[in-house]
Amino acid sequence: MTLSIRALDPVSRPFFAGEVSGIDITQPLTPEQAQAIDKGMDQYGVLVFHGQQFNDETQIRFSRYFGDLETASGDINFLTARRLESIHVNDISNLDVNNTLLARDNRRRLFNLGNQLWHSDSSFKAVSAKYSLLSARIIPSGGGNTEFADMRQAWDDLDADTKAECENLICEHSQLYSRAILGFTDFTEDDRKRFQPVHQRLVRTHPSTGRKSLFLASHAGAIVGWPVPEARAFLRDLSEHATQRKYVYAHQWKQFDLVIWDNRATMHRARPYPADQVRDMHRTTVACERSTMAEAA
């Protein structure tokens, strides 16, 4: 088999979201294969692989070709019993430790509804995420798509005055901000300490391609030096601009799909699905090598 990548929408979005074929990524890769995937990520920002029957061990092995892995510390139940064994695998499911569906009013389920807001993974950490790799183990009968927005093109299309306004701004990111949008306030004091706001540049330059992009997320709730209402209105306008349909690819999941996205160049959100059906997704996350503040320096 020969690895190949094609644009999923060659007419409307020829350089955003690609489909990869000709490779079994559950098996060890050659250096050339890993490099080809990395280059595909630089071009497309999102890559889709079908029919990849991962377990957590093989998903972790594949993910490590692209850098060091984060621990799954963004979970509201991080310090309690987990359903998944490895601390490097995020449990993106509606199941409890006994593989039973979470009740609709379950605290973890309500916290995880924040995934339906536009965001960039781990922007609430001082060193945010590079790649996210999401494996579909069990999918519901309908709904549950994941949408991705191209933050590179969104930046390119801003007018010159708005670009100048954005260029040197620093935002504060926290899961306290994103969950407050949904009215979720059930945080312990330990949670509030763990989710203290961190600083991120609003505009970042991709280290491989040199392209600029907006670094937005529902986790962004303040701009350093700005009044909070003005900052949130400005960030809301930018997010509305960046998530226009022309910038968005919607992935309709099939079982055993693996999708990789570059958090330095995209935002994403999950879409609703039937609450009485299982959706079991496992995510590994490759960390950036340094913070956005250090990148700018």
# chains A, B, ... in the order shown; residues from 1 in each chain; ligands from 1
call {"tool": "residues_around", "arguments": {"residues": "region 271-284 of chain A", "least_positions_apart": "4", "cutoff": "7 Å", "atoms": "only C-alpha atoms", "output": "ChimeraX atom specification"}}
result
/A:60,63,88-94,101,116,132-140,142-146
call {"tool": "residues_around", "arguments": {"residues": "Ser12 (chain A)", "least_positions_apart": "5", "cutoff": "12 Å", "atoms": "only C-alpha atoms", "output": "PDB file with N, CA and C atoms, in the first residue's frame"}}
result
ATOM      1  N   ALA A   7      -7.904  15.915  -0.540  1.00  0.00           N
ATOM      2  CA  ALA A   7      -8.788  16.886   0.107  1.00  0.00           C
ATOM      3  C   ALA A   7     -10.192  16.325   0.178  1.00  0.00           C
ATOM      4  N   ALA A  17      -8.678  19.861   5.739  1.00  0.00           N
ATOM      5  CA  ALA A  17      -9.267  18.547   6.004  1.00  0.00           C
ATOM      6  C   ALA A  17      -8.981  17.581   4.857  1.00  0.00           C
ATOM      7  N   ARG A 245     -19.584  28.928   7.965  1.00  0.00           N
ATOM      8  CA  ARG A 245     -19.624  27.609   7.335  1.00  0.00           C
ATOM      9  C   ARG A 245     -18.507  27.413   6.299  1.00  0.00           C
ATOM     10  N   LYS A 246     -18.085  28.483   5.651  1.00  0.00           N
ATOM     11  CA  LYS A 246     -17.050  28.334   4.618  1.00  0.00           C
ATOM     12  C   LYS A 246     -15.710  27.892   5.198  1.00  0.00           C
ATOM     13  N   TYR A 247     -15.524  28.062   6.506  1.00  0.00           N
ATOM     14  CA  TYR A 247     -14.276  27.647   7.151  1.00  0.00           C
ATOM     15  C   TYR A 247     -14.382  26.278   7.819  1.00  0.00           C
ATOM     16  N   VAL A 248     -15.555  25.644   7.806  1.00  0.00           N
ATOM     17  CA  VAL A 248     -15.829  24.498   8.680  1.00  0.00           C
ATOM     18  C   VAL A 248     -15.964  23.194   7.899  1.00  0.00           C
ATOM     19  N   TYR A 249     -15.275  22.156   8.390  1.00  0.00           N
ATOM     20  CA  TYR A 249     -15.471  20.777   7.935  1.00  0.00           C
ATOM     21  C   TYR A 249     -16.180  20.016   9.055  1.00  0.00           C
TER      22      TYR A 249
END
call {"tool": "residues_around", "arguments": {"residues": "Phe66 (chain A)", "least_positions_apart": "4", "cutoff": "8 Å", "atoms": "only C-alpha atoms", "output": "PyMOL selection string"}}
result
chain A and resi 34+38+131+286
call {"tool": "residues_around", "arguments": {"residues": "region 154-158 of chain A", "least_positions_apart": "5", "cutoff": "8 Å", "atoms": "only C-alpha atoms", "output": "JSON, numbers by chain"}}
result
{"A": [163, 212, 213, 214, 241, 242, 247]}
call {"tool": "residues_around", "arguments": {"residues": "Val46 (chain A)", "least_positions_apart": "3", "cutoff": "7 Å", "atoms": "only C-alpha atoms", "output": "count of residues only"}}
result
7
call {"tool": "residues_around", "arguments": {"residues": "Ile170 (chain A)", "least_positions_apart": "4", "cutoff": "12 Å", "atoms": "only C-alpha atoms", "output": "PyMOL selection string"}}
result
chain A and resi 165-166+197-204+214-216+220-226+231+235+292-293+296
call {"tool": "write_last_selection", "arguments": {"atoms": "N, CA and C atoms", "output": "PDB file, in the first residue's frame"}}
result
ATOM      1  N   GLU A 165      -5.332  45.087  15.437  1.00  0.00           N
ATOM      2  CA  GLU A 165      -5.891  45.087  16.806  1.00  0.00           C
ATOM      3  C   GLU A 165      -5.547  43.793  17.526  1.00  0.00           C
ATOM      4  N   CYS A 166      -5.597  42.679  16.810  1.00  0.00           N
ATOM      5  CA  CYS A 166      -5.386  41.363  17.414  1.00  0.00           C
ATOM      6  C   CYS A 166      -3.920  41.041  17.701  1.00  0.00           C
ATOM      7  N   PRO A 197      -6.791  30.625  35.405  1.00  0.00           N
ATOM      8  CA  PRO A 197      -6.538  31.103  34.043  1.00  0.00           C
ATOM      9  C   PRO A 197      -5.041  31.142  33.703  1.00  0.00           C
ATOM     10  N   VAL A 198      -4.758  30.859  32.432  1.00  0.00           N
ATOM     11  CA  VAL A 198      -3.397  30.950  31.906  1.00  0.00           C
ATOM     12  C   VAL A 198      -3.405  31.922  30.729  1.00  0.00           C
ATOM     13  N   HIS A 199      -2.235  32.454  30.419  1.00  0.00           N
ATOM     14  CA  HIS A 199      -2.105  33.421  29.324  1.00  0.00           C
ATOM     15  C   HIS A 199      -1.786  32.706  28.003  1.00  0.00           C
ATOM     16  N   GLN A 200      -2.461  33.151  26.942  1.00  0.00           N
ATOM     17  CA  GLN A 200      -2.184  32.660  25.588  1.00  0.00           C
ATOM     18  C   GLN A 200      -2.211  33.833  24.616  1.00  0.00           C
ATOM     19  N   ARG A 201      -1.333  33.803  23.634  1.00  0.00           N
ATOM     20  CA  ARG A 201      -1.382  34.786  22.559  1.00  0.00           C
ATOM     21  C   ARG A 201      -2.647  34.589  21.727  1.00  0.00           C
ATOM     22  N   LEU A 202      -3.264  35.675  21.308  1.00  0.00           N
ATOM     23  CA  LEU A 202      -4.437  35.579  20.443  1.00  0.00           C
ATOM     24  C   LEU A 202      -4.046  35.231  19.007  1.00  0.00           C
ATOM     25  N   VAL A 203      -2.866  35.631  18.597  1.00  0.00           N
ATOM     26  CA  VAL A 203      -2.372  35.331  17.254  1.00  0.00           C
ATOM     27  C   VAL A 203      -1.081  34.530  17.406  1.00  0.00           C
ATOM     28  N   ARG A 204      -1.020  33.399  16.715  1.00  0.00           N
ATOM     29  CA  ARG A 204       0.196  32.598  16.793  1.00  0.00           C
ATOM     30  C   ARG A 204       0.672  32.252  15.389  1.00  0.00           C
ATOM     31  N   LEU A 214      -5.620  32.563  14.246  1.00  0.00           N
ATOM     32  CA  LEU A 214      -6.249  32.997  15.480  1.00  0.00           C
ATOM     33  C   LEU A 214      -6.232  31.843  16.471  1.00  0.00           C
ATOM     34  N   PHE A 215      -5.894  32.137  17.719  1.00  0.00           N
ATOM     35  CA  PHE A 215      -5.922  31.108  18.761  1.00  0.00           C
ATOM     36  C   PHE A 215      -7.096  31.418  19.680  1.00  0.00           C
ATOM     37  N   LEU A 216      -8.251  30.920  19.272  1.00  0.00           N
ATOM     38  CA  LEU A 216      -9.495  31.188  19.977  1.00  0.00           C
ATOM     39  C   LEU A 216      -9.999  29.914  20.656  1.00  0.00           C
ATOM     40  N   ALA A 220     -11.409  31.077  26.402  1.00  0.00           N
ATOM     41  CA  ALA A 220     -10.875  32.445  26.489  1.00  0.00           C
ATOM     42  C   ALA A 220     -11.955  33.365  27.040  1.00  0.00           C
ATOM     43  N   GLY A 221     -11.722  33.913  28.236  1.00  0.00           N
ATOM     44  CA  GLY A 221     -12.737  34.738  28.879  1.00  0.00           C
ATOM     45  C   GLY A 221     -12.293  36.135  29.212  1.00  0.00           C
ATOM     46  N   ALA A 222     -11.065  36.497  28.865  1.00  0.00           N
ATOM     47  CA  ALA A 222     -10.557  37.833  29.189  1.00  0.00           C
ATOM     48  C   ALA A 222      -9.390  38.152  28.270  1.00  0.00           C
ATOM     49  N   ILE A 223      -9.158  39.449  28.082  1.00  0.00           N
ATOM     50  CA  ILE A 223      -7.988  39.941  27.369  1.00  0.00           C
ATOM     51  C   ILE A 223      -7.221  40.834  28.337  1.00  0.00           C
ATOM     52  N   VAL A 224      -5.941  40.576  28.501  1.00  0.00           N
ATOM     53  CA  VAL A 224      -5.130  41.333  29.454  1.00  0.00           C
ATOM     54  C   VAL A 224      -5.181  42.823  29.107  1.00  0.00           C
ATOM     55  N   GLY A 225      -5.558  43.631  30.116  1.00  0.00           N
ATOM     56  CA  GLY A 225      -5.602  45.074  29.940  1.00  0.00           C
ATOM     57  C   GLY A 225      -6.919  45.612  29.415  1.00  0.00           C
ATOM     58  N   TRP A 226      -7.869  44.748  29.109  1.00  0.00           N
ATOM     59  CA  TRP A 226      -9.172  45.179  28.598  1.00  0.00           C
ATOM     60  C   TRP A 226     -10.250  44.971  29.663  1.00  0.00           C
ATOM     61  N   ALA A 231     -13.779  42.779  26.186  1.00  0.00           N
ATOM     62  CA  ALA A 231     -12.976  41.649  25.722  1.00  0.00           C
ATOM     63  C   ALA A 231     -13.864  40.516  25.226  1.00  0.00           C
ATOM     64  N   LEU A 235     -13.975  38.963  21.464  1.00  0.00           N
ATOM     65  CA  LEU A 235     -13.680  37.553  21.221  1.00  0.00           C
ATOM     66  C   LEU A 235     -14.875  36.836  20.599  1.00  0.00           C
ATOM     67  N   THR A 292       2.537  29.465  24.012  1.00  0.00           N
ATOM     68  CA  THR A 292       2.367  30.518  22.998  1.00  0.00           C
ATOM     69  C   THR A 292       3.124  31.780  23.386  1.00  0.00           C
ATOM     70  N   MET A 293       3.273  32.021  24.665  1.00  0.00           N
ATOM     71  CA  MET A 293       4.028  33.188  25.123  1.00  0.00           C
ATOM     72  C   MET A 293       5.504  33.037  24.744  1.00  0.00           C
ATOM     73  N   ALA A 296       6.030  33.420  20.903  1.00  0.00           N
ATOM     74  CA  ALA A 296       6.077  34.812  20.460  1.00  0.00           C
ATOM     75  C   ALA A 296       7.428  35.438  20.787  1.00  0.00           C
TER      76      ALA A 296
END
call {"tool": "residues_around", "arguments": {"residues": "Lys39 (chain A)", "least_positions_apart": "2", "cutoff": "12 Å", "atoms": "only C-alpha atoms", "output": "list of chain:residue names"}}
result
A:Ser4, A:Ile5, A:Gly18, A:Glu32, A:Gln33, A:Ala34, A:Gln35, A:Ala36, A:Ile37, A:Met41, A:Asp42, A:Gln43, A:Tyr44, A:Gly45, A:Val46, A:Leu47, A:Phe66, A:Ser208, A:Thr209, A:Asp262
call {"tool": "select_by_dssp", "arguments": {"residues": "region 105-274 of chain A", "states": "helix (DSSP H, G or I)", "output": "ChimeraX atom specification"}}
result
/A:107-116,151-156,160-166,175-181,189-194,228-242,245-247
call {"tool": "write_last_selection", "arguments": {"atoms": "N, CA and C atoms", "output": "compact mmCIF listing (two decimals), in the first residue's frame"}}
result
# COMPACT_ATOMS: atom_id res chain seq x y z
N ARG A 107 -22.61 14.85 37.08
CA ARG A 107 -21.70 15.99 37.09
C ARG A 107 -20.68 15.91 35.96
N ARG A 108 -20.11 14.74 35.74
CA ARG A 108 -19.12 14.61 34.67
C ARG A 108 -19.77 14.82 33.31
N ARG A 109 -20.96 14.29 33.10
CA ARG A 109 -21.65 14.48 31.82
C ARG A 109 -21.93 15.95 31.57
N LEU A 110 -22.39 16.67 32.59
CA LEU A 110 -22.71 18.08 32.42
C LEU A 110 -21.45 18.89 32.13
N PHE A 111 -20.36 18.56 32.81
CA PHE A 111 -19.08 19.23 32.54
C PHE A 111 -18.66 18.99 31.10
N ASN A 112 -18.83 17.75 30.62
CA ASN A 112 -18.37 17.40 29.28
C ASN A 112 -19.23 18.01 28.18
N LEU A 113 -20.39 18.55 28.50
CA LEU A 113 -21.19 19.26 27.50
C LEU A 113 -20.43 20.49 26.98
N GLY A 114 -19.43 20.92 27.72
CA GLY A 114 -18.59 22.02 27.25
C GLY A 114 -17.86 21.68 25.96
N ASN A 115 -17.72 20.38 25.64
CA ASN A 115 -17.10 19.98 24.38
C ASN A 115 -17.93 20.39 23.17
N GLN A 116 -19.20 20.76 23.41
CA GLN A 116 -20.05 21.20 22.31
C GLN A 116 -19.86 22.68 21.98
N MET A 151 -8.60 28.04 11.38
CA MET A 151 -8.25 29.33 11.99
C MET A 151 -7.17 30.06 11.21
N ARG A 152 -6.51 29.37 10.28
CA ARG A 152 -5.53 30.02 9.40
C ARG A 152 -6.24 30.88 8.37
N GLN A 153 -7.23 30.28 7.71
CA GLN A 153 -7.97 31.03 6.70
C GLN A 153 -8.79 32.14 7.33
N ALA A 154 -9.30 31.87 8.54
CA ALA A 154 -10.06 32.90 9.25
C ALA A 154 -9.18 34.12 9.52
N TRP A 155 -7.92 33.88 9.88
CA TRP A 155 -6.98 35.00 10.08
C TRP A 155 -6.71 35.71 8.76
N ASP A 156 -6.43 34.95 7.73
CA ASP A 156 -6.10 35.54 6.43
C ASP A 156 -7.20 36.48 5.94
N ALA A 160 -7.40 44.50 7.59
CA ALA A 160 -6.10 44.93 8.12
C ALA A 160 -6.22 45.57 9.50
N ASP A 161 -7.27 46.34 9.73
CA ASP A 161 -7.43 47.00 11.03
C ASP A 161 -7.65 45.98 12.15
N THR A 162 -8.46 44.96 11.87
CA THR A 162 -8.72 43.94 12.90
C THR A 162 -7.45 43.13 13.16
N LYS A 163 -6.70 42.82 12.12
CA LYS A 163 -5.43 42.11 12.33
C LYS A 163 -4.50 42.92 13.22
N ALA A 164 -4.41 44.21 12.98
CA ALA A 164 -3.54 45.07 13.79
C ALA A 164 -4.01 45.10 15.24
N GLU A 165 -5.33 45.09 15.44
CA GLU A 165 -5.89 45.09 16.81
C GLU A 165 -5.55 43.79 17.53
N CYS A 166 -5.60 42.68 16.81
CA CYS A 166 -5.39 41.36 17.41
C CYS A 166 -3.92 41.04 17.70
N GLN A 175 -11.03 26.60 31.89
CA GLN A 175 -12.29 25.85 31.79
C GLN A 175 -13.37 26.44 32.69
N LEU A 176 -12.98 27.25 33.64
CA LEU A 176 -13.99 27.96 34.45
C LEU A 176 -14.81 28.89 33.56
N TYR A 177 -14.15 29.50 32.56
CA TYR A 177 -14.85 30.41 31.66
C TYR A 177 -15.80 29.65 30.73
N SER A 178 -15.29 28.59 30.10
CA SER A 178 -16.12 27.88 29.11
C SER A 178 -17.33 27.22 29.77
N ARG A 179 -17.14 26.64 30.93
CA ARG A 179 -18.28 25.97 31.57
C ARG A 179 -19.31 26.98 32.10
N ALA A 180 -18.85 28.16 32.46
CA ALA A 180 -19.79 29.20 32.91
C ALA A 180 -20.75 29.60 31.80
N ILE A 181 -20.30 29.50 30.54
CA ILE A 181 -21.19 29.82 29.41
C ILE A 181 -22.43 28.94 29.44
N GLU A 189 -13.04 23.57 45.35
CA GLU A 189 -11.93 24.51 45.50
C GLU A 189 -10.68 23.98 44.80
N ASP A 190 -10.47 22.66 44.85
CA ASP A 190 -9.32 22.07 44.15
C ASP A 190 -9.46 22.27 42.64
N ASP A 191 -10.70 22.11 42.13
CA ASP A 191 -10.94 22.34 40.70
C ASP A 191 -10.58 23.78 40.33
N ARG A 192 -11.03 24.71 41.15
CA ARG A 192 -10.80 26.14 40.84
C ARG A 192 -9.31 26.47 40.86
N LYS A 193 -8.55 25.82 41.72
CA LYS A 193 -7.11 26.03 41.72
C LYS A 193 -6.47 25.41 40.48
N ARG A 194 -6.94 24.21 40.11
CA ARG A 194 -6.37 23.50 38.96
C ARG A 194 -6.68 24.22 37.65
N VAL A 228 -13.56 43.38 30.96
CA VAL A 228 -14.07 42.06 30.61
C VAL A 228 -15.21 42.10 29.60
N PRO A 229 -16.23 42.96 29.76
CA PRO A 229 -17.31 42.96 28.77
C PRO A 229 -16.82 43.29 27.36
N GLU A 230 -15.89 44.25 27.25
CA GLU A 230 -15.37 44.60 25.93
C GLU A 230 -14.57 43.43 25.34
N ALA A 231 -13.78 42.78 26.19
CA ALA A 231 -12.98 41.65 25.72
C ALA A 231 -13.86 40.52 25.23
N ARG A 232 -14.89 40.19 25.98
CA ARG A 232 -15.74 39.07 25.58
C ARG A 232 -16.54 39.39 24.32
N ALA A 233 -16.96 40.62 24.16
CA ALA A 233 -17.66 41.01 22.93
C ALA A 233 -16.73 40.89 21.73
N PHE A 234 -15.49 41.31 21.90
CA PHE A 234 -14.50 41.24 20.81
C PHE A 234 -14.20 39.79 20.45
N LEU A 235 -13.98 38.96 21.46
CA LEU A 235 -13.68 37.55 21.22
C LEU A 235 -14.87 36.84 20.60
N ARG A 236 -16.07 37.23 21.00
CA ARG A 236 -17.27 36.62 20.40
C ARG A 236 -17.37 36.97 18.92
N ASP A 237 -17.10 38.20 18.58
CA ASP A 237 -17.12 38.59 17.17
C ASP A 237 -16.09 37.81 16.36
N LEU A 238 -14.89 37.66 16.92
CA LEU A 238 -13.85 36.89 16.22
C LEU A 238 -14.27 35.43 16.03
N SER A 239 -14.87 34.85 17.06
CA SER A 239 -15.30 33.45 16.97
C SER A 239 -16.41 33.29 15.95
N GLU A 240 -17.33 34.24 15.89
CA GLU A 240 -18.40 34.17 14.89
C GLU A 240 -17.82 34.26 13.48
N HIS A 241 -16.83 35.12 13.32
CA HIS A 241 -16.16 35.22 12.02
C HIS A 241 -15.47 33.90 11.67
N ALA A 242 -14.74 33.34 12.63
CA ALA A 242 -13.88 32.18 12.37
C ALA A 242 -14.65 30.89 12.18
N ARG A 245 -19.58 28.93 7.96
CA ARG A 245 -19.62 27.61 7.33
C ARG A 245 -18.51 27.41 6.30
N LYS A 246 -18.08 28.48 5.65
CA LYS A 246 -17.05 28.33 4.62
C LYS A 246 -15.71 27.89 5.20
N TYR A 247 -15.52 28.06 6.51
CA TYR A 247 -14.28 27.65 7.15
C TYR A 247 -14.38 26.28 7.82
call {"tool": "atom_distance", "arguments": {"atom1": "CA of Leu95 (chain A)", "atom2": "CA of Arg82 (chain A)"}}
result
10.4 Å
call {"tool": "select_by_dssp", "arguments": {"residues": "region 163-286 of chain A", "states": "strand (DSSP E or B)", "output": "number ranges by chain"}}
result
A: 170-173, 198-201, 203-205, 212-214, 220-223, 248-251, 258-262, 266-270, 280-286
call {"tool": "closest_residue", "arguments": {"among": "A:Val97, A:Thr26, A:Thr266, A:Leu117", "to": "Ala129 (chain A)", "atoms": "only C-alpha atoms"}}
result
A:Thr266
call {"tool": "closest_residue", "arguments": {"among": "A:Thr243, A:Thr285, A:Thr30, A:Thr100", "to": "Ser122 (chain A)", "atoms": "only C-alpha atoms"}}
result
A:Thr285
call {"tool": "closest_residue", "arguments": {"among": "A:Ala103, A:Val11, A:Ala294, A:Val20", "to": "Val259 (chain A)", "atoms": "only C-alpha atoms"}}
result
A:Val20
call {"tool": "atom_distance", "arguments": {"atom1": "CA of Arg290 (chain A)", "atom2": "CA of Lys130 (chain A)"}}
result
9.9 Å
call {"tool": "closest_residue", "arguments": {"among": "A:Glu167, A:Asp9, A:Asp257, A:Asp24", "to": "Phe62 (chain A)", "atoms": "only C-alpha atoms"}}
result
A:Asp24
call {"tool": "closest_residue", "arguments": {"among": "A:Asp105, A:Glu70, A:Asp159, A:Asp121", "to": "Ser86 (chain A)", "atoms": "only C-alpha atoms"}}
result
A:Glu70
